[in-house]
file start_10.cif (mmCIF, N, CA and C atoms and all ligand atoms)
data_upload
#
loop_
_atom_site.label_atom_id
_atom_site.label_comp_id
_atom_site.auth_asym_id
_atom_site.auth_seq_id
_atom_site.Cartn_x
_atom_site.Cartn_y
_atom_site.Cartn_z
N MET A 1 -9.21 6.33 -4.16
CA MET A 1 -8.41 5.46 -5.02
C MET A 1 -7.04 5.27 -4.39
N LEU A 2 -6.46 4.13 -4.63
CA LEU A 2 -5.16 3.79 -4.06
C LEU A 2 -4.06 4.66 -4.65
N ASN A 3 -3.23 5.19 -3.76
CA ASN A 3 -2.05 5.93 -4.19
C ASN A 3 -1.00 4.90 -4.59
N LEU A 4 -0.55 4.93 -5.80
CA LEU A 4 0.35 3.90 -6.30
C LEU A 4 1.81 4.12 -5.91
N SER A 5 2.09 5.08 -5.04
CA SER A 5 3.47 5.30 -4.63
C SER A 5 3.93 4.23 -3.65
N CYS A 6 3.02 3.45 -3.11
CA CYS A 6 3.38 2.37 -2.21
C CYS A 6 3.52 1.09 -3.05
N PRO A 7 4.54 0.29 -2.76
CA PRO A 7 4.80 -0.87 -3.62
C PRO A 7 3.84 -2.05 -3.46
N LEU A 8 3.03 -2.10 -2.42
CA LEU A 8 2.16 -3.26 -2.23
C LEU A 8 0.98 -3.21 -3.18
N SER A 9 0.62 -4.37 -3.70
CA SER A 9 -0.46 -4.45 -4.69
C SER A 9 -1.82 -4.49 -4.02
N TRP A 10 -2.82 -4.17 -4.81
CA TRP A 10 -4.21 -4.24 -4.35
C TRP A 10 -4.55 -5.68 -3.95
N GLU A 11 -3.98 -6.64 -4.66
CA GLU A 11 -4.22 -8.06 -4.36
C GLU A 11 -3.72 -8.41 -2.96
N ILE A 12 -2.55 -7.93 -2.61
CA ILE A 12 -2.00 -8.20 -1.27
C ILE A 12 -2.84 -7.51 -0.21
N LEU A 13 -3.24 -6.28 -0.47
CA LEU A 13 -4.04 -5.54 0.51
C LEU A 13 -5.42 -6.20 0.70
N SER A 14 -6.00 -6.67 -0.40
CA SER A 14 -7.29 -7.37 -0.30
C SER A 14 -7.15 -8.65 0.52
N ALA A 15 -6.06 -9.37 0.30
CA ALA A 15 -5.81 -10.59 1.07
C ALA A 15 -5.66 -10.26 2.55
N TYR A 16 -4.99 -9.17 2.85
CA TYR A 16 -4.81 -8.73 4.24
C TYR A 16 -6.17 -8.45 4.88
N VAL A 17 -7.00 -7.72 4.18
CA VAL A 17 -8.34 -7.37 4.69
C VAL A 17 -9.19 -8.63 4.89
N ASP A 18 -9.10 -9.55 3.93
CA ASP A 18 -9.93 -10.76 3.97
C ASP A 18 -9.33 -11.87 4.83
N GLY A 19 -8.15 -11.65 5.38
CA GLY A 19 -7.51 -12.67 6.22
C GLY A 19 -7.08 -13.89 5.43
N GLU A 20 -6.69 -13.69 4.18
CA GLU A 20 -6.28 -14.80 3.32
C GLU A 20 -4.79 -14.72 3.01
N ARG A 21 -4.01 -14.67 4.05
CA ARG A 21 -2.57 -14.47 3.87
C ARG A 21 -1.82 -15.74 3.49
N GLU A 22 -2.44 -16.90 3.68
CA GLU A 22 -1.74 -18.16 3.45
C GLU A 22 -1.36 -18.38 1.99
N HIS A 23 -1.93 -17.63 1.07
CA HIS A 23 -1.62 -17.81 -0.35
C HIS A 23 -0.43 -16.98 -0.80
N PHE A 24 0.21 -16.28 0.13
CA PHE A 24 1.32 -15.42 -0.23
C PHE A 24 2.61 -15.91 0.43
N PRO A 25 3.74 -15.56 -0.14
CA PRO A 25 5.02 -16.01 0.42
C PRO A 25 5.20 -15.50 1.85
N PRO A 26 5.93 -16.26 2.67
CA PRO A 26 6.16 -15.84 4.05
C PRO A 26 6.82 -14.47 4.17
N ALA A 27 7.54 -14.08 3.13
CA ALA A 27 8.25 -12.78 3.18
C ALA A 27 7.34 -11.59 2.87
N THR A 28 6.07 -11.83 2.61
CA THR A 28 5.16 -10.71 2.33
C THR A 28 5.14 -9.78 3.53
N PRO A 29 5.34 -8.49 3.30
CA PRO A 29 5.49 -7.54 4.43
C PRO A 29 4.15 -7.12 5.06
N TRP A 30 3.50 -8.07 5.73
CA TRP A 30 2.20 -7.79 6.34
C TRP A 30 2.31 -6.69 7.39
N ASN A 31 3.42 -6.66 8.13
CA ASN A 31 3.57 -5.64 9.17
C ASN A 31 3.63 -4.23 8.59
N HIS A 32 4.05 -4.14 7.34
CA HIS A 32 4.12 -2.83 6.69
C HIS A 32 2.74 -2.19 6.59
N ILE A 33 1.74 -3.00 6.34
CA ILE A 33 0.41 -2.48 6.03
C ILE A 33 -0.15 -1.63 7.17
N ALA A 34 -0.05 -2.12 8.38
CA ALA A 34 -0.60 -1.38 9.52
C ALA A 34 0.20 -0.12 9.80
N ALA A 35 1.47 -0.13 9.47
CA ALA A 35 2.32 1.02 9.76
C ALA A 35 2.30 2.07 8.65
N CYS A 36 1.84 1.70 7.48
CA CYS A 36 1.88 2.61 6.32
C CYS A 36 0.54 3.33 6.16
N PRO A 37 0.53 4.65 6.18
CA PRO A 37 -0.74 5.38 6.02
C PRO A 37 -1.40 5.15 4.66
N ILE A 38 -0.60 4.93 3.63
CA ILE A 38 -1.17 4.70 2.29
C ILE A 38 -1.88 3.34 2.26
N CYS A 39 -1.22 2.32 2.78
CA CYS A 39 -1.82 0.99 2.81
C CYS A 39 -3.02 0.94 3.76
N SER A 40 -2.90 1.61 4.89
CA SER A 40 -4.03 1.64 5.83
C SER A 40 -5.25 2.28 5.20
N GLU A 41 -5.03 3.37 4.47
CA GLU A 41 -6.13 4.05 3.77
C GLU A 41 -6.72 3.13 2.70
N ALA A 42 -5.86 2.44 1.96
CA ALA A 42 -6.33 1.52 0.92
C ALA A 42 -7.15 0.38 1.54
N CYS A 43 -6.70 -0.12 2.69
CA CYS A 43 -7.45 -1.19 3.36
C CYS A 43 -8.83 -0.70 3.80
N MET A 44 -8.88 0.54 4.27
CA MET A 44 -10.17 1.10 4.66
C MET A 44 -11.09 1.20 3.43
N GLN A 45 -10.53 1.59 2.30
CA GLN A 45 -11.32 1.66 1.06
C GLN A 45 -11.82 0.27 0.65
N ILE A 46 -10.97 -0.73 0.80
CA ILE A 46 -11.36 -2.09 0.45
C ILE A 46 -12.49 -2.56 1.37
N ARG A 47 -12.36 -2.29 2.67
CA ARG A 47 -13.43 -2.68 3.61
C ARG A 47 -14.74 -1.98 3.26
N ASN A 48 -14.66 -0.70 2.95
CA ASN A 48 -15.88 0.04 2.58
C ASN A 48 -16.48 -0.51 1.30
N GLN A 49 -15.63 -0.84 0.35
CA GLN A 49 -16.10 -1.42 -0.92
C GLN A 49 -16.78 -2.77 -0.67
N ASN A 50 -16.15 -3.60 0.15
CA ASN A 50 -16.73 -4.92 0.47
C ASN A 50 -18.09 -4.76 1.15
N ARG A 51 -18.17 -3.81 2.09
CA ARG A 51 -19.43 -3.55 2.80
C ARG A 51 -20.53 -3.11 1.83
N LEU A 52 -20.16 -2.25 0.90
CA LEU A 52 -21.12 -1.75 -0.09
C LEU A 52 -21.61 -2.88 -0.99
N ILE A 53 -20.70 -3.72 -1.43
CA ILE A 53 -21.07 -4.86 -2.29
C ILE A 53 -22.02 -5.78 -1.54
N ARG A 54 -21.69 -6.08 -0.27
CA ARG A 54 -22.56 -6.97 0.52
C ARG A 54 -23.95 -6.36 0.71
N SER A 55 -24.02 -5.05 0.82
CA SER A 55 -25.32 -4.41 1.07
C SER A 55 -26.25 -4.53 -0.14
N PHE A 56 -25.68 -4.70 -1.34
CA PHE A 56 -26.50 -4.84 -2.54
C PHE A 56 -26.67 -6.28 -2.99
N ALA A 57 -25.91 -7.19 -2.39
CA ALA A 57 -25.99 -8.59 -2.81
C ALA A 57 -27.29 -9.21 -2.31
N PRO A 58 -27.92 -10.00 -3.15
CA PRO A 58 -29.15 -10.67 -2.72
C PRO A 58 -28.84 -11.71 -1.65
N TYR A 59 -29.74 -11.86 -0.71
CA TYR A 59 -29.58 -12.84 0.36
C TYR A 59 -30.81 -13.73 0.36
N HIS A 60 -30.59 -15.02 0.23
CA HIS A 60 -31.70 -15.96 0.20
C HIS A 60 -31.50 -17.00 1.29
N LEU A 61 -32.50 -17.20 2.07
CA LEU A 61 -32.45 -18.21 3.12
C LEU A 61 -32.90 -19.55 2.52
N ALA A 62 -32.09 -20.59 2.75
CA ALA A 62 -32.45 -21.91 2.25
C ALA A 62 -33.71 -22.39 2.96
N PRO A 63 -34.49 -23.22 2.27
CA PRO A 63 -35.69 -23.77 2.92
C PRO A 63 -35.30 -24.54 4.19
N ARG A 64 -36.19 -24.51 5.16
CA ARG A 64 -35.93 -25.14 6.46
C ARG A 64 -35.51 -26.61 6.33
N ARG A 65 -36.18 -27.33 5.47
CA ARG A 65 -35.88 -28.75 5.28
C ARG A 65 -34.43 -28.95 4.79
N LEU A 66 -34.01 -28.10 3.87
CA LEU A 66 -32.64 -28.19 3.36
C LEU A 66 -31.64 -27.84 4.45
N ARG A 67 -31.92 -26.81 5.23
CA ARG A 67 -31.01 -26.41 6.33
C ARG A 67 -30.85 -27.55 7.33
N LYS A 68 -31.96 -28.20 7.66
CA LYS A 68 -31.91 -29.32 8.60
C LYS A 68 -31.09 -30.46 8.03
N SER A 69 -31.30 -30.75 6.75
CA SER A 69 -30.58 -31.84 6.11
C SER A 69 -29.07 -31.57 6.11
N ILE A 70 -28.68 -30.34 5.82
CA ILE A 70 -27.25 -29.97 5.82
C ILE A 70 -26.69 -30.05 7.23
N ALA A 71 -27.45 -29.56 8.19
CA ALA A 71 -26.98 -29.57 9.58
C ALA A 71 -26.71 -30.98 10.07
N LYS A 72 -27.46 -31.95 9.58
CA LYS A 72 -27.26 -33.34 10.00
C LYS A 72 -25.96 -33.91 9.45
N THR A 73 -25.53 -33.42 8.28
CA THR A 73 -24.34 -33.99 7.64
C THR A 73 -23.06 -33.24 7.98
N VAL A 74 -23.17 -32.03 8.47
CA VAL A 74 -21.99 -31.23 8.79
C VAL A 74 -21.58 -31.46 10.23
N ARG A 75 -20.30 -31.70 10.42
CA ARG A 75 -19.78 -31.89 11.79
C ARG A 75 -18.95 -30.67 12.15
N PHE A 76 -19.20 -30.11 13.29
CA PHE A 76 -18.46 -28.92 13.72
C PHE A 76 -17.36 -29.28 14.69
ZN ZN B 101 2.28 0.94 2.17
#
call {"tool": "encode", "arguments": {"input": "start_10.cif", "output": "structure tokens"}}
result
Amino acid sequence: MLNLSCPLSWEILSAYVDGEREHFPPATPWNHIAACPICSEACMQIRNQNRLIRSFAPYHLAPRRLRKSIAKTVRF
């Protein structure tokens, strides 16, 4: 569990782990996270939690015809 003695929120740490920093103000102390043992530990917990959730999530492959149809309309 996250030690709450560090001022960064779980939301900020989750954004850091997920690479979704663009939704936060430029002054968000991203550099703090890698240097702080509490935040680093929390990020590791978030990654482990994400991995665990993905391992239980159902995965369904779209039918081949649908995949082909989507591939024709998507430009990379
Ligand atoms: Zn910290």
call {"tool": "atom_distance", "arguments": {"input": "start_10.cif", "atom1": "atom CA of A:Phe56", "atom2": "atom CA of A:Ser69"}}
result
28.6 Å
call {"tool": "closest_residue", "arguments": {"input": "start_10.cif", "among": "A:Pro29, A:Leu66, A:Cys43, A:Pro58", "to": "A:Leu13", "atoms": "all atoms listed in the file"}}
result
A:Cys43
call {"tool": "closest_residue", "arguments": {"input": "start_10.cif", "among": "A:Arg75, A:His60, A:His32, A:Arg65", "to": "ligand ZN 101 (chain B)", "atoms": "all atoms listed in the file"}}
result
A:His32
call {"tool": "residues_near_ligand", "arguments": {"input": "start_10.cif", "ligand": "ligand ZN 101 (chain B)", "cutoff": "6.5 Å", "atoms": "all atoms listed in the file", "output": "MDAnalysis selection string"}}
result
chainID A and resid 6:8 32:33 36:40
call {"tool": "write_last_selection", "arguments": {"input": "start_10.cif", "atoms": "N, CA and C atoms", "output": "short mmCIF file (atom, residue, chain, number, x, y, z; two decimals), keeping the file's coordinate frame"}}
result
data_model
loop_
_atom_site.label_atom_id
_atom_site.label_comp_id
_atom_site.auth_asym_id
_atom_site.auth_seq_id
_atom_site.Cartn_x
_atom_site.Cartn_y
_atom_site.Cartn_z
N CYS A 6 3.02 3.45 -3.11
CA CYS A 6 3.38 2.37 -2.21
C CYS A 6 3.52 1.09 -3.05
N PRO A 7 4.54 0.29 -2.76
CA PRO A 7 4.80 -0.87 -3.62
C PRO A 7 3.84 -2.05 -3.46
N LEU A 8 3.03 -2.10 -2.42
CA LEU A 8 2.16 -3.26 -2.23
C LEU A 8 0.98 -3.21 -3.18
N HIS A 32 4.05 -4.14 7.34
CA HIS A 32 4.12 -2.83 6.69
C HIS A 32 2.74 -2.19 6.59
N ILE A 33 1.74 -3.00 6.34
CA ILE A 33 0.41 -2.48 6.03
C ILE A 33 -0.15 -1.63 7.17
N CYS A 36 1.84 1.70 7.48
CA CYS A 36 1.88 2.61 6.32
C CYS A 36 0.54 3.33 6.16
N PRO A 37 0.53 4.65 6.18
CA PRO A 37 -0.74 5.38 6.02
C PRO A 37 -1.40 5.15 4.66
N ILE A 38 -0.60 4.93 3.63
CA ILE A 38 -1.17 4.70 2.29
C ILE A 38 -1.88 3.34 2.26
N CYS A 39 -1.22 2.32 2.78
CA CYS A 39 -1.82 0.99 2.81
C CYS A 39 -3.02 0.94 3.76
N SER A 40 -2.90 1.61 4.89
CA SER A 40 -4.03 1.64 5.83
C SER A 40 -5.25 2.28 5.20
#
call {"tool": "atom_distance", "arguments": {"input": "start_10.cif", "atom1": "atom N of A:Gln49", "atom2": "atom N of A:Pro25"}}
result
24.3 Å
call {"tool": "axis_aligned_box", "arguments": {"input": "start_10.cif", "around": "stretch 51-56 of chain A", "padding_each_side": "6 Å", "output": "AutoDock Vina command-line options"}}
result
--center_x -22.4 --center_y -4.4 --center_z -0.1 --size_x 20.5 --size_y 17.2 --size_z 17.8
call {"tool": "atom_distance", "arguments": {"input": "start_10.cif", "atom1": "atom CA of A:Tyr59", "atom2": "atom CA of A:Glu41"}}
result
29.1 Å
call {"tool": "closest_residue", "arguments": {"input": "start_10.cif", "among": "A:Ala57, A:Tyr16, A:Glu11, A:Arg64", "to": "A:Ala34", "atoms": "only C-alpha atoms"}}
result
A:Tyr16
call {"tool": "select_by_dssp", "arguments": {"input": "start_10.cif", "residues": "chain A", "states": "helix (DSSP H, G or I)", "output": "VMD selection string"}}
result
chain A and resid 10 to 18 21 to 23 30 to 35 37 to 56 64 to 73
call {"tool": "write_last_selection", "arguments": {"input": "start_10.cif", "atoms": "N, CA and C atoms", "output": "short mmCIF file (atom, residue, chain, number, x, y, z; two decimals), keeping the file's coordinate frame"}}
result
data_model
loop_
_atom_site.label_atom_id
_atom_site.label_comp_id
_atom_site.auth_asym_id
_atom_site.auth_seq_id
_atom_site.Cartn_x
_atom_site.Cartn_y
_atom_site.Cartn_z
N TRP A 10 -2.82 -4.17 -4.81
CA TRP A 10 -4.21 -4.24 -4.35
C TRP A 10 -4.55 -5.68 -3.95
N GLU A 11 -3.98 -6.64 -4.66
CA GLU A 11 -4.22 -8.06 -4.36
C GLU A 11 -3.72 -8.41 -2.96
N ILE A 12 -2.55 -7.93 -2.61
CA ILE A 12 -2.00 -8.20 -1.27
C ILE A 12 -2.84 -7.51 -0.21
N LEU A 13 -3.24 -6.28 -0.47
CA LEU A 13 -4.04 -5.54 0.51
C LEU A 13 -5.42 -6.20 0.70
N SER A 14 -6.00 -6.67 -0.40
CA SER A 14 -7.29 -7.37 -0.30
C SER A 14 -7.15 -8.65 0.52
N ALA A 15 -6.06 -9.37 0.30
CA ALA A 15 -5.81 -10.59 1.07
C ALA A 15 -5.66 -10.26 2.55
N TYR A 16 -4.99 -9.17 2.85
CA TYR A 16 -4.81 -8.73 4.24
C TYR A 16 -6.17 -8.45 4.88
N VAL A 17 -7.00 -7.72 4.18
CA VAL A 17 -8.34 -7.37 4.69
C VAL A 17 -9.19 -8.63 4.89
N ASP A 18 -9.10 -9.55 3.93
CA ASP A 18 -9.93 -10.76 3.97
C ASP A 18 -9.33 -11.87 4.83
N ARG A 21 -4.01 -14.67 4.05
CA ARG A 21 -2.57 -14.47 3.87
C ARG A 21 -1.82 -15.74 3.49
N GLU A 22 -2.44 -16.90 3.68
CA GLU A 22 -1.74 -18.16 3.45
C GLU A 22 -1.36 -18.38 1.99
N HIS A 23 -1.93 -17.63 1.07
CA HIS A 23 -1.62 -17.81 -0.35
C HIS A 23 -0.43 -16.98 -0.80
N TRP A 30 3.50 -8.07 5.73
CA TRP A 30 2.20 -7.79 6.34
C TRP A 30 2.31 -6.69 7.39
N ASN A 31 3.42 -6.66 8.13
CA ASN A 31 3.57 -5.64 9.17
C ASN A 31 3.63 -4.23 8.59
N HIS A 32 4.05 -4.14 7.34
CA HIS A 32 4.12 -2.83 6.69
C HIS A 32 2.74 -2.19 6.59
N ILE A 33 1.74 -3.00 6.34
CA ILE A 33 0.41 -2.48 6.03
C ILE A 33 -0.15 -1.63 7.17
N ALA A 34 -0.05 -2.12 8.38
CA ALA A 34 -0.60 -1.38 9.52
C ALA A 34 0.20 -0.12 9.80
N ALA A 35 1.47 -0.13 9.47
CA ALA A 35 2.32 1.02 9.76
C ALA A 35 2.30 2.07 8.65
N PRO A 37 0.53 4.65 6.18
CA PRO A 37 -0.74 5.38 6.02
C PRO A 37 -1.40 5.15 4.66
N ILE A 38 -0.60 4.93 3.63
CA ILE A 38 -1.17 4.70 2.29
C ILE A 38 -1.88 3.34 2.26
N CYS A 39 -1.22 2.32 2.78
CA CYS A 39 -1.82 0.99 2.81
C CYS A 39 -3.02 0.94 3.76
N SER A 40 -2.90 1.61 4.89
CA SER A 40 -4.03 1.64 5.83
C SER A 40 -5.25 2.28 5.20
N GLU A 41 -5.03 3.37 4.47
CA GLU A 41 -6.13 4.05 3.77
C GLU A 41 -6.72 3.13 2.70
N ALA A 42 -5.86 2.44 1.96
CA ALA A 42 -6.33 1.52 0.92
C ALA A 42 -7.15 0.38 1.54
N CYS A 43 -6.70 -0.12 2.69
CA CYS A 43 -7.45 -1.19 3.36
C CYS A 43 -8.83 -0.70 3.80
N MET A 44 -8.88 0.54 4.27
CA MET A 44 -10.17 1.10 4.66
C MET A 44 -11.09 1.20 3.43
N GLN A 45 -10.53 1.59 2.30
CA GLN A 45 -11.32 1.66 1.06
C GLN A 45 -11.82 0.27 0.65
N ILE A 46 -10.97 -0.73 0.80
CA ILE A 46 -11.36 -2.09 0.45
C ILE A 46 -12.49 -2.56 1.37
N ARG A 47 -12.36 -2.29 2.67
CA ARG A 47 -13.43 -2.68 3.61
C ARG A 47 -14.74 -1.98 3.26
N ASN A 48 -14.66 -0.70 2.95
CA ASN A 48 -15.88 0.04 2.58
C ASN A 48 -16.48 -0.51 1.30
N GLN A 49 -15.63 -0.84 0.35
CA GLN A 49 -16.10 -1.42 -0.92
C GLN A 49 -16.78 -2.77 -0.67
N ASN A 50 -16.15 -3.60 0.15
CA ASN A 50 -16.73 -4.92 0.47
C ASN A 50 -18.09 -4.76 1.15
N ARG A 51 -18.17 -3.81 2.09
CA ARG A 51 -19.43 -3.55 2.80
C ARG A 51 -20.53 -3.11 1.83
N LEU A 52 -20.16 -2.25 0.90
CA LEU A 52 -21.12 -1.75 -0.09
C LEU A 52 -21.61 -2.88 -0.99
N ILE A 53 -20.70 -3.72 -1.43
CA ILE A 53 -21.07 -4.86 -2.29
C ILE A 53 -22.02 -5.78 -1.54
N ARG A 54 -21.69 -6.08 -0.27
CA ARG A 54 -22.56 -6.97 0.52
C ARG A 54 -23.95 -6.36 0.71
N SER A 55 -24.02 -5.05 0.82
CA SER A 55 -25.32 -4.41 1.07
C SER A 55 -26.25 -4.53 -0.14
N PHE A 56 -25.68 -4.70 -1.34
CA PHE A 56 -26.50 -4.84 -2.54
C PHE A 56 -26.67 -6.28 -2.99
N ARG A 64 -36.19 -24.51 5.16
CA ARG A 64 -35.93 -25.14 6.46
C ARG A 64 -35.51 -26.61 6.33
N ARG A 65 -36.18 -27.33 5.47
CA ARG A 65 -35.88 -28.75 5.28
C ARG A 65 -34.43 -28.95 4.79
N LEU A 66 -34.01 -28.10 3.87
CA LEU A 66 -32.64 -28.19 3.36
C LEU A 66 -31.64 -27.84 4.45
N ARG A 67 -31.92 -26.81 5.23
CA ARG A 67 -31.01 -26.41 6.33
C ARG A 67 -30.85 -27.55 7.33
N LYS A 68 -31.96 -28.20 7.66
CA LYS A 68 -31.91 -29.32 8.60
C LYS A 68 -31.09 -30.46 8.03
N SER A 69 -31.30 -30.75 6.75
CA SER A 69 -30.58 -31.84 6.11
C SER A 69 -29.07 -31.57 6.11
N ILE A 70 -28.68 -30.34 5.82
CA ILE A 70 -27.25 -29.97 5.82
C ILE A 70 -26.69 -30.05 7.23
N ALA A 71 -27.45 -29.56 8.19
CA ALA A 71 -26.98 -29.57 9.58
C ALA A 71 -26.71 -30.98 10.07
N LYS A 72 -27.46 -31.95 9.58
CA LYS A 72 -27.26 -33.34 10.00
C LYS A 72 -25.96 -33.91 9.45
N THR A 73 -25.53 -33.42 8.28
CA THR A 73 -24.34 -33.99 7.64
C THR A 73 -23.06 -33.24 7.98
#
call {"tool": "closest_residue", "arguments": {"input": "start_10.cif", "among": "A:Glu22, A:Ser14, A:Ala27, A:Ala62", "to": "A:Ala42", "atoms": "only N, CA and C atoms"}}
result
A:Ser14
